[in-house]
$ cat upload_16.cif   # mmCIF, C-alpha atoms
data_target
#
loop_
_atom_site.label_atom_id
_atom_site.label_comp_id
_atom_site.auth_asym_id
_atom_site.auth_seq_id
_atom_site.Cartn_x
_atom_site.Cartn_y
_atom_site.Cartn_z
CA MET A 1 124.12 -136.53 -28.39
CA LYS A 2 123.05 -134.16 -25.68
CA LEU A 3 125.44 -132.20 -23.61
CA ASP A 4 126.22 -133.61 -20.17
CA PRO A 5 124.22 -131.43 -17.74
CA ALA A 6 127.22 -131.20 -15.43
CA ILE A 7 129.30 -129.75 -18.26
CA ARG A 8 126.47 -127.41 -19.23
CA ASP A 9 126.31 -126.15 -15.65
CA GLN A 10 130.05 -125.54 -15.60
CA VAL A 11 129.70 -123.52 -18.78
CA LEU A 12 126.82 -121.49 -17.36
CA ALA A 13 128.68 -120.91 -14.11
CA THR A 14 131.55 -119.38 -16.09
CA VAL A 15 129.35 -117.03 -18.14
CA PRO A 16 129.25 -114.11 -15.65
CA SER A 17 133.03 -113.82 -15.39
CA LEU A 18 133.41 -114.54 -19.09
CA ARG A 19 131.20 -111.50 -19.76
CA ALA A 20 133.19 -109.37 -17.37
CA PHE A 21 136.38 -110.34 -19.17
CA ALA A 22 134.79 -109.72 -22.56
CA ILE A 23 133.64 -106.26 -21.52
CA SER A 24 137.08 -105.41 -20.25
CA LEU A 25 138.52 -106.44 -23.63
CA CYS A 26 135.89 -104.81 -25.84
CA GLY A 27 134.96 -101.81 -23.73
CA ASN A 28 131.48 -102.16 -25.17
CA ILE A 29 128.67 -104.24 -23.77
CA ASP A 30 126.95 -105.16 -27.04
CA ARG A 31 130.13 -106.29 -28.67
CA ALA A 32 131.10 -108.15 -25.51
CA ASP A 33 127.84 -110.08 -25.51
CA ASP A 34 128.33 -110.97 -29.19
CA LEU A 35 131.79 -112.18 -28.32
CA VAL A 36 130.48 -114.29 -25.44
CA GLN A 37 127.84 -115.82 -27.70
CA GLU A 38 130.38 -116.67 -30.38
CA THR A 39 132.62 -118.16 -27.72
CA LEU A 40 129.83 -120.37 -26.42
CA LEU A 41 128.82 -121.47 -29.92
CA ARG A 42 132.38 -122.44 -30.68
CA ALA A 43 132.98 -124.05 -27.29
CA LEU A 44 129.87 -126.19 -27.40
CA ALA A 45 130.55 -127.22 -30.99
CA HIS A 46 133.94 -128.47 -29.84
CA ILE A 47 133.00 -129.65 -26.38
CA ASP A 48 134.70 -132.98 -27.09
CA SER A 49 138.04 -131.24 -26.92
CA PHE A 50 137.35 -130.20 -23.35
CA GLN A 51 138.72 -132.72 -20.89
CA PRO A 52 136.33 -133.18 -17.98
CA GLY A 53 138.00 -132.38 -14.71
CA THR A 54 140.23 -129.70 -16.20
CA ASN A 55 139.75 -125.98 -15.80
CA MET A 56 136.52 -124.97 -17.59
CA PRO A 57 136.93 -121.23 -16.98
CA ALA A 58 140.47 -121.28 -18.39
CA TRP A 59 139.26 -123.24 -21.43
CA LEU A 60 136.44 -120.80 -22.18
CA PHE A 61 138.58 -117.73 -21.52
CA THR A 62 141.18 -119.06 -23.96
CA ILE A 63 138.57 -119.48 -26.69
CA LEU A 64 137.15 -116.03 -26.04
CA ARG A 65 140.53 -114.37 -26.05
CA ASN A 66 141.54 -116.06 -29.31
CA LEU A 67 138.28 -115.00 -30.94
CA PHE A 68 138.76 -111.46 -29.73
CA ARG A 69 142.31 -111.36 -31.01
CA SER A 70 141.43 -112.72 -34.41
CA GLU A 71 138.22 -110.86 -35.14
CA TYR A 72 137.38 -108.10 -32.75
CA ARG A 73 140.60 -106.31 -32.27
CA LYS A 74 140.71 -105.02 -35.83
CA ARG A 75 137.29 -103.44 -35.53
CA ARG A 76 137.75 -102.16 -32.03
CA ARG A 77 139.06 -98.69 -32.65
CA GLU A 78 136.19 -97.60 -34.85
CA VAL A 79 133.55 -97.95 -32.22
CA GLU A 80 135.42 -98.01 -28.98
CA ASP A 81 133.22 -96.68 -26.26
CA ALA A 82 135.02 -96.51 -22.97
CA ASP A 83 132.41 -94.58 -21.08
CA GLY A 84 129.06 -94.67 -22.85
CA ARG A 85 127.17 -97.93 -23.07
CA TYR A 86 129.63 -99.61 -20.76
CA ALA A 87 128.99 -97.09 -18.05
CA GLU A 88 125.25 -97.60 -18.45
CA THR A 89 125.61 -101.27 -17.66
CA LEU A 90 127.37 -100.60 -14.41
CA LYS A 91 125.53 -100.09 -11.22
CA SER A 92 126.81 -97.33 -9.05
CA HIS A 93 128.90 -98.02 -5.99
CA PRO A 94 128.05 -95.13 -3.76
CA GLU A 95 129.87 -96.50 -0.73
CA GLN A 96 132.79 -98.20 -2.39
CA THR A 97 133.77 -95.79 -5.10
CA GLY A 98 132.60 -92.43 -6.31
CA ARG A 99 131.20 -92.20 -9.82
CA VAL A 100 133.92 -89.85 -10.94
CA GLU A 101 136.63 -91.98 -9.45
CA PHE A 102 135.18 -95.05 -11.13
CA SER A 103 135.14 -93.51 -14.56
CA GLU A 104 138.66 -92.13 -14.10
CA PHE A 105 139.78 -95.61 -13.27
CA ARG A 106 138.19 -97.07 -16.40
CA ALA A 107 139.69 -94.32 -18.52
CA ALA A 108 143.13 -95.12 -17.09
CA LEU A 109 142.60 -98.83 -17.68
CA ALA A 110 141.64 -98.13 -21.28
CA LYS A 111 145.00 -96.39 -21.80
CA LEU A 112 146.96 -99.56 -21.08
CA PRO A 113 148.27 -101.64 -23.96
CA SER A 114 145.80 -104.50 -24.45
CA ASP A 115 148.27 -107.24 -23.53
CA GLN A 116 148.93 -105.55 -20.20
CA ARG A 117 145.26 -104.90 -19.56
CA GLU A 118 144.20 -108.48 -20.19
CA ALA A 119 147.01 -109.84 -17.99
CA LEU A 120 146.02 -107.51 -15.16
CA ILE A 121 142.34 -108.42 -15.45
CA LEU A 122 142.99 -112.16 -15.58
CA VAL A 123 145.21 -112.10 -12.51
CA GLY A 124 143.84 -109.16 -10.56
CA ALA A 125 140.11 -109.51 -11.21
CA SER A 126 139.29 -112.94 -12.64
CA GLY A 127 141.49 -114.55 -10.01
CA PHE A 128 143.48 -116.82 -12.34
CA SER A 129 146.92 -117.98 -11.29
CA TYR A 130 149.86 -116.63 -13.27
CA GLU A 131 150.15 -120.11 -14.79
CA ASP A 132 146.53 -120.18 -15.97
CA ALA A 133 146.77 -116.62 -17.26
CA ALA A 134 149.89 -117.57 -19.21
CA ALA A 135 148.08 -120.57 -20.72
CA ILE A 136 145.10 -118.39 -21.66
CA CYS A 137 147.32 -115.80 -23.33
CA GLY A 138 149.63 -118.35 -24.90
CA CYS A 139 152.79 -116.92 -23.39
CA ALA A 140 155.33 -117.63 -20.66
CA VAL A 141 154.53 -117.18 -16.98
CA GLY A 142 157.33 -114.62 -16.70
CA THR A 143 155.75 -112.61 -19.51
CA ILE A 144 152.44 -112.47 -17.65
CA LYS A 145 154.20 -111.39 -14.45
CA SER A 146 156.00 -108.61 -16.21
CA ARG A 147 152.85 -107.45 -18.01
CA VAL A 148 150.93 -107.36 -14.73
CA ASN A 149 153.72 -105.41 -13.07
CA ARG A 150 153.94 -102.92 -15.89
CA ALA A 151 150.16 -102.54 -15.91
CA ARG A 152 150.10 -101.81 -12.18
CA THR A 153 152.95 -99.33 -12.40
CA ARG A 154 151.38 -97.54 -15.34
CA LEU A 155 147.96 -97.38 -13.66
CA ALA A 156 149.55 -96.03 -10.51
CA ASP A 157 151.29 -93.36 -12.59
CA LEU A 158 148.07 -92.44 -14.34
CA LEU A 159 146.09 -92.32 -11.13
CA ALA A 160 148.68 -91.22 -8.59
CA ILE A 161 148.78 -87.67 -9.92
CA ASP A 162 145.64 -86.88 -8.02
CA SER A 163 145.87 -89.68 -5.53
CA VAL A 164 146.43 -87.59 -2.44
CA ASP A 165 143.32 -85.54 -2.96
CA ASP A 166 141.05 -87.52 -5.19
CA PHE A 167 141.86 -91.19 -5.26
CA GLY A 168 139.48 -92.74 -2.82
CA PRO A 169 137.13 -91.51 -0.18
CA ASP A 170 139.51 -91.39 2.73
CA ARG A 171 141.25 -88.12 2.17
CA ALA A 172 142.46 -87.72 5.73
CA THR A 173 144.31 -91.02 5.71
CA ARG A 174 145.98 -90.18 2.46
CA ALA A 175 147.04 -86.79 3.70
CA VAL A 176 148.75 -88.48 6.62
CA LEU A 177 150.42 -90.99 4.31
CA ALA A 178 151.63 -88.24 2.08
CA GLY A 179 153.32 -86.56 4.99
CA GLY A 180 150.43 -84.48 6.29
CA GLY A 181 150.72 -80.78 6.77
CA ARG A 182 148.16 -79.86 4.11
CA SER A 183 145.22 -77.80 5.10
CA MET B 1 169.49 -90.78 -3.15
CA GLY B 2 168.68 -87.19 -2.45
CA LYS B 3 165.35 -87.66 -0.77
CA PRO B 4 165.04 -87.80 2.99
CA VAL B 5 164.35 -91.27 4.35
CA ALA B 6 161.00 -90.23 5.81
CA GLN B 7 159.82 -88.93 2.45
CA ARG B 8 160.94 -92.08 0.62
CA ARG B 9 159.17 -94.19 3.19
CA SER B 10 155.93 -92.30 2.80
CA GLU B 11 156.22 -92.62 -0.97
CA VAL B 12 156.57 -96.38 -0.66
CA ARG B 13 153.56 -96.53 1.64
CA LEU B 14 151.56 -94.33 -0.70
CA GLY B 15 152.57 -96.63 -3.55
CA ARG B 16 151.20 -99.60 -1.68
CA GLU B 17 148.08 -97.68 -0.82
CA VAL B 18 147.55 -96.81 -4.48
CA GLN B 19 148.16 -100.43 -5.50
CA ALA B 20 145.60 -101.62 -2.98
CA ARG B 21 143.09 -99.12 -4.36
CA ILE B 22 143.82 -100.26 -7.91
CA GLY B 23 143.11 -103.85 -6.90
CA GLN B 24 139.86 -102.81 -5.25
CA GLN B 25 138.71 -100.76 -8.23
CA LEU B 26 139.59 -103.52 -10.64
CA ARG B 27 137.56 -106.07 -8.71
CA ALA B 28 134.67 -103.67 -8.13
CA MET B 29 134.45 -103.01 -11.87
CA TYR B 30 134.67 -106.69 -12.73
CA ASP B 31 132.33 -107.92 -9.99
CA ASP B 32 129.77 -105.39 -11.08
CA VAL B 33 129.37 -107.33 -14.32
CA VAL B 34 129.72 -110.73 -12.63
CA SER B 35 126.86 -109.85 -10.27
CA GLN B 36 124.58 -109.39 -13.28
CA GLY B 37 124.61 -113.16 -13.60
CA VAL B 38 123.72 -114.94 -16.83
CA PRO B 39 121.61 -112.83 -19.22
CA GLN B 40 118.47 -114.60 -20.35
CA HIS B 41 119.43 -114.69 -24.03
CA ILE B 42 122.69 -116.43 -23.16
CA ALA B 43 120.96 -118.91 -20.85
CA ASP B 44 118.54 -119.66 -23.70
CA LEU B 45 121.38 -120.10 -26.15
CA VAL B 46 123.24 -122.55 -23.92
CA GLY B 47 120.01 -124.40 -23.19
CA ARG B 48 119.24 -124.71 -26.90
CA LEU B 49 122.75 -125.82 -27.83
CA SER B 50 122.95 -128.38 -25.05
CA GLU B 51 119.65 -129.99 -26.06
CA GLN B 52 120.61 -130.04 -29.70
CA ASP B 53 121.40 -133.29 -31.42
CA ASP B 54 124.84 -132.87 -32.92
CA GLY B 55 123.93 -135.04 -35.86
CA ALA B 56 126.86 -137.37 -35.30
CA ALA B 57 124.82 -140.29 -34.06
#
$ encode --input "upload_16.cif" --output "structure tokens"
Amino acid sequence: MKLDPAIRDQVLATVPSLRAFAISLCGNIDRADDLVQETLLRALAHIDSFQPGTNMPAWLFTILRNLFRSEYRKRRREVEDADGRYAETLKSHPEQTGRVEFSEFRAALAKLPSDQREALILVGASGFSYEDAAAICGCAVGTIKSRVNRARTRLADLLAIDSVDDFGPDRATRAVLAGGGRS
Amino acid sequence: MGKPVAQRRSEVRLGREVQARIGQQLRAMYDDVVSQGVPQHIADLVGRLSEQDDGAA
């Protein structure tokens, strides 16, 4: 039995954001691509358990997260690479964000506990609702909300130290916000 | 308590500013990967798996 092309297209359409999520979990592009491949193998082997019309991204993200939790997390610390290969895969954003700023941000993100980081990514970057994020992580909606809030507060703490001078390109605006008077 | 109202207000606004920047950075980082699309080896894998007979029939 061949896969319904419409389902196949839904799977393919989810792959780019699935990779982005995988990289944010693994911090390593090679491992992330392995994880995505394993996820797709498993998903397509069990495609009958996907109900057409339901949320394909949430279904695939759930599988990927469970795989990561069960297999990858144990091995993660040995080869964690927050800045090396990952950085190489990223194009620069000369207008949006400075290189230095970007890598500081990733370093701060890497310091978050993994449950907070994944909640923040799912809601703040992948664009899932709190409800979908809770389903993906297998926890209550309130738990996701509190993890996202703690993640944001912690990131702000980690980054706010230098925020007035360094966080972002618009130094003048920030100086005004901070009360001005610096010269 | 203790801090002048103006200072507290500017701290709140700075907090919001920082949160907005965090959101931007998060999406920029994520979208950077998303914009890479589907790598060829993954497209090939999905193509292969979706053409495969599952042996059930």
$ residues_around --input "upload_16.cif" --residues "Leu158 (chain A)" --least-positions-apart "3" --cutoff "12 Å" --atoms "all atoms listed in the file" --output "list in words"
Glu104, Phe105, Arg106, Ala107, Ala108, Leu109, Ala110, Lys111, Leu112, Ala151, Arg152, Thr153, Arg154, Leu155, Ile161, Asp162, Ser163 and Phe167 of chain A; Val18, Gln19 and Ile22 of chain B
$ write_last_selection --input "upload_16.cif" --atoms "C-alpha atoms" --output "CSV table (one decimal), in the frame of the given file"
chain,number,residue,atom,x,y,z
A,104,GLU,CA,138.7,-92.1,-14.1
A,105,PHE,CA,139.8,-95.6,-13.3
A,106,ARG,CA,138.2,-97.1,-16.4
A,107,ALA,CA,139.7,-94.3,-18.5
A,108,ALA,CA,143.1,-95.1,-17.1
A,109,LEU,CA,142.6,-98.8,-17.7
A,110,ALA,CA,141.6,-98.1,-21.3
A,111,LYS,CA,145.0,-96.4,-21.8
A,112,LEU,CA,147.0,-99.6,-21.1
A,151,ALA,CA,150.2,-102.5,-15.9
A,152,ARG,CA,150.1,-101.8,-12.2
A,153,THR,CA,153.0,-99.3,-12.4
A,154,ARG,CA,151.4,-97.5,-15.3
A,155,LEU,CA,148.0,-97.4,-13.7
A,161,ILE,CA,148.8,-87.7,-9.9
A,162,ASP,CA,145.6,-86.9,-8.0
A,163,SER,CA,145.9,-89.7,-5.5
A,167,PHE,CA,141.9,-91.2,-5.3
B,18,VAL,CA,147.6,-96.8,-4.5
B,19,GLN,CA,148.2,-100.4,-5.5
B,22,ILE,CA,143.8,-100.3,-7.9
$ residues_around --input "upload_16.cif" --residues "Val38 (chain B)" --least-positions-apart "3" --cutoff "9 Å" --atoms "all atoms listed in the file" --output "list of chain:residue names"
A:Leu12, A:Ala13, A:Val15, A:Pro16, A:Arg19, B:Val34, B:Ser35, B:His41, B:Ile42, B:Ala43
$ atom_distance --input "upload_16.cif" --atom1 "CA of Glu118 (chain A)" --atom2 "CA of Leu40 (chain A)"
19.7 Å
$ closest_residue --input "upload_16.cif" --among "A:Thr143, A:Ser114, A:Asn28, A:Ser126" --to "Gly23 (chain B)" --atoms "only C-alpha atoms"
A:Ser126
$ closest_residue --input "upload_16.cif" --among "B:Pro39, B:Ala20, B:Arg27, B:Ala6" --to "chain A" --atoms "only C-alpha atoms"
B:Arg27
$ resolve_selection --input "upload_16.cif" --expression "the PyMOL selection byres ((chain A and resi 36) around 12)" --output "ChimeraX atom specification"
/A:11-12,14-23,25-26,29-35,37-43,60-68,72 /B:38-39,41-43,45-46
$ closest_residue --input "upload_16.cif" --among "A:Pro52, A:Pro113, A:Pro57, A:Gly124" --to "chain B" --atoms "all atoms listed in the file"
A:Gly124
$ atom_distance --input "upload_16.cif" --atom1 "CA of Arg150 (chain A)" --atom2 "CA of Ile121 (chain A)"
12.8 Å
$ atom_distance --input "upload_16.cif" --atom1 "CA of Ser50 (chain B)" --atom2 "CA of Lys2 (chain A)"
5.8 Å
$ residues_around --input "upload_16.cif" --residues "Gly138 (chain A)" --least-positions-apart "2" --cutoff "12 Å" --atoms "all atoms listed in the file" --output "PDB file with C-alpha atoms, in the coordinates of the input"
ATOM      1  CA  ALA A  58     140.470-121.280 -18.390  1.00  0.00           C
ATOM      2  CA  TRP A  59     139.260-123.240 -21.430  1.00  0.00           C
ATOM      3  CA  PHE A  61     138.580-117.730 -21.520  1.00  0.00           C
ATOM      4  CA  THR A  62     141.180-119.060 -23.960  1.00  0.00           C
ATOM      5  CA  ILE A  63     138.570-119.480 -26.690  1.00  0.00           C
ATOM      6  CA  ARG A  65     140.530-114.370 -26.050  1.00  0.00           C
ATOM      7  CA  ASN A  66     141.540-116.060 -29.310  1.00  0.00           C
ATOM      8  CA  ARG A  69     142.310-111.360 -31.010  1.00  0.00           C
ATOM      9  CA  ASP A 115     148.270-107.240 -23.530  1.00  0.00           C
ATOM     10  CA  ALA A 119     147.010-109.840 -17.990  1.00  0.00           C
ATOM     11  CA  TYR A 130     149.860-116.630 -13.270  1.00  0.00           C
ATOM     12  CA  GLU A 131     150.150-120.110 -14.790  1.00  0.00           C
ATOM     13  CA  ASP A 132     146.530-120.180 -15.970  1.00  0.00           C
ATOM     14  CA  ALA A 133     146.770-116.620 -17.260  1.00  0.00           C
ATOM     15  CA  ALA A 134     149.890-117.570 -19.210  1.00  0.00           C
ATOM     16  CA  ALA A 135     148.080-120.570 -20.720  1.00  0.00           C
ATOM     17  CA  ILE A 136     145.100-118.390 -21.660  1.00  0.00           C
ATOM     18  CA  ALA A 140     155.330-117.630 -20.660  1.00  0.00           C
ATOM     19  CA  VAL A 141     154.530-117.180 -16.980  1.00  0.00           C
ATOM     20  CA  GLY A 142     157.330-114.620 -16.700  1.00  0.00           C
ATOM     21  CA  THR A 143     155.750-112.610 -19.510  1.00  0.00           C
ATOM     22  CA  ILE A 144     152.440-112.470 -17.650  1.00  0.00           C
TER      23      ILE A 144
END
$ closest_residue --input "upload_16.cif" --among "A:Ser103, A:Ser70, A:Thr54, A:Ser129" --to "chain B" --atoms "all atoms listed in the file"
A:Ser103
$ residues_near_point --input "upload_16.cif" --point "(122.7, -132.5, -23.0)" --cutoff "12 Å" --atoms "all atoms listed in the file" --output "PyMOL selection string"
(chain A and resi 1-9+44+47) or (chain B and resi 46-54)
$ write_last_selection --input "upload_16.cif" --atoms "C-alpha atoms" --output "PDB file, keeping the file's coordinate frame"
ATOM      1  CA  MET A   1     124.120-136.530 -28.390  1.00  0.00           C
ATOM      2  CA  LYS A   2     123.050-134.160 -25.680  1.00  0.00           C
ATOM      3  CA  LEU A   3     125.440-132.200 -23.610  1.00  0.00           C
ATOM      4  CA  ASP A   4     126.220-133.610 -20.170  1.00  0.00           C
ATOM      5  CA  PRO A   5     124.220-131.430 -17.740  1.00  0.00           C
ATOM      6  CA  ALA A   6     127.220-131.200 -15.430  1.00  0.00           C
ATOM      7  CA  ILE A   7     129.300-129.750 -18.260  1.00  0.00           C
ATOM      8  CA  ARG A   8     126.470-127.410 -19.230  1.00  0.00           C
ATOM      9  CA  ASP A   9     126.310-126.150 -15.650  1.00  0.00           C
ATOM     10  CA  LEU A  44     129.870-126.190 -27.400  1.00  0.00           C
ATOM     11  CA  ILE A  47     133.000-129.650 -26.380  1.00  0.00           C
TER      12      ILE A  47
ATOM     13  CA  VAL B  46     123.240-122.550 -23.920  1.00  0.00           C
ATOM     14  CA  GLY B  47     120.010-124.400 -23.190  1.00  0.00           C
ATOM     15  CA  ARG B  48     119.240-124.710 -26.900  1.00  0.00           C
ATOM     16  CA  LEU B  49     122.750-125.820 -27.830  1.00  0.00           C
ATOM     17  CA  SER B  50     122.950-128.380 -25.050  1.00  0.00           C
ATOM     18  CA  GLU B  51     119.650-129.990 -26.060  1.00  0.00           C
ATOM     19  CA  GLN B  52     120.610-130.040 -29.700  1.00  0.00           C
ATOM     20  CA  ASP B  53     121.400-133.290 -31.420  1.00  0.00           C
ATOM     21  CA  ASP B  54     124.840-132.870 -32.920  1.00  0.00           C
TER      22      ASP B  54
END
$ closest_residue --input "upload_16.cif" --among "A:His46, A:Phe102, A:Lys145, A:Gly127" --to "Arg21 (chain B)" --atoms "all atoms listed in the file"
A:Phe102
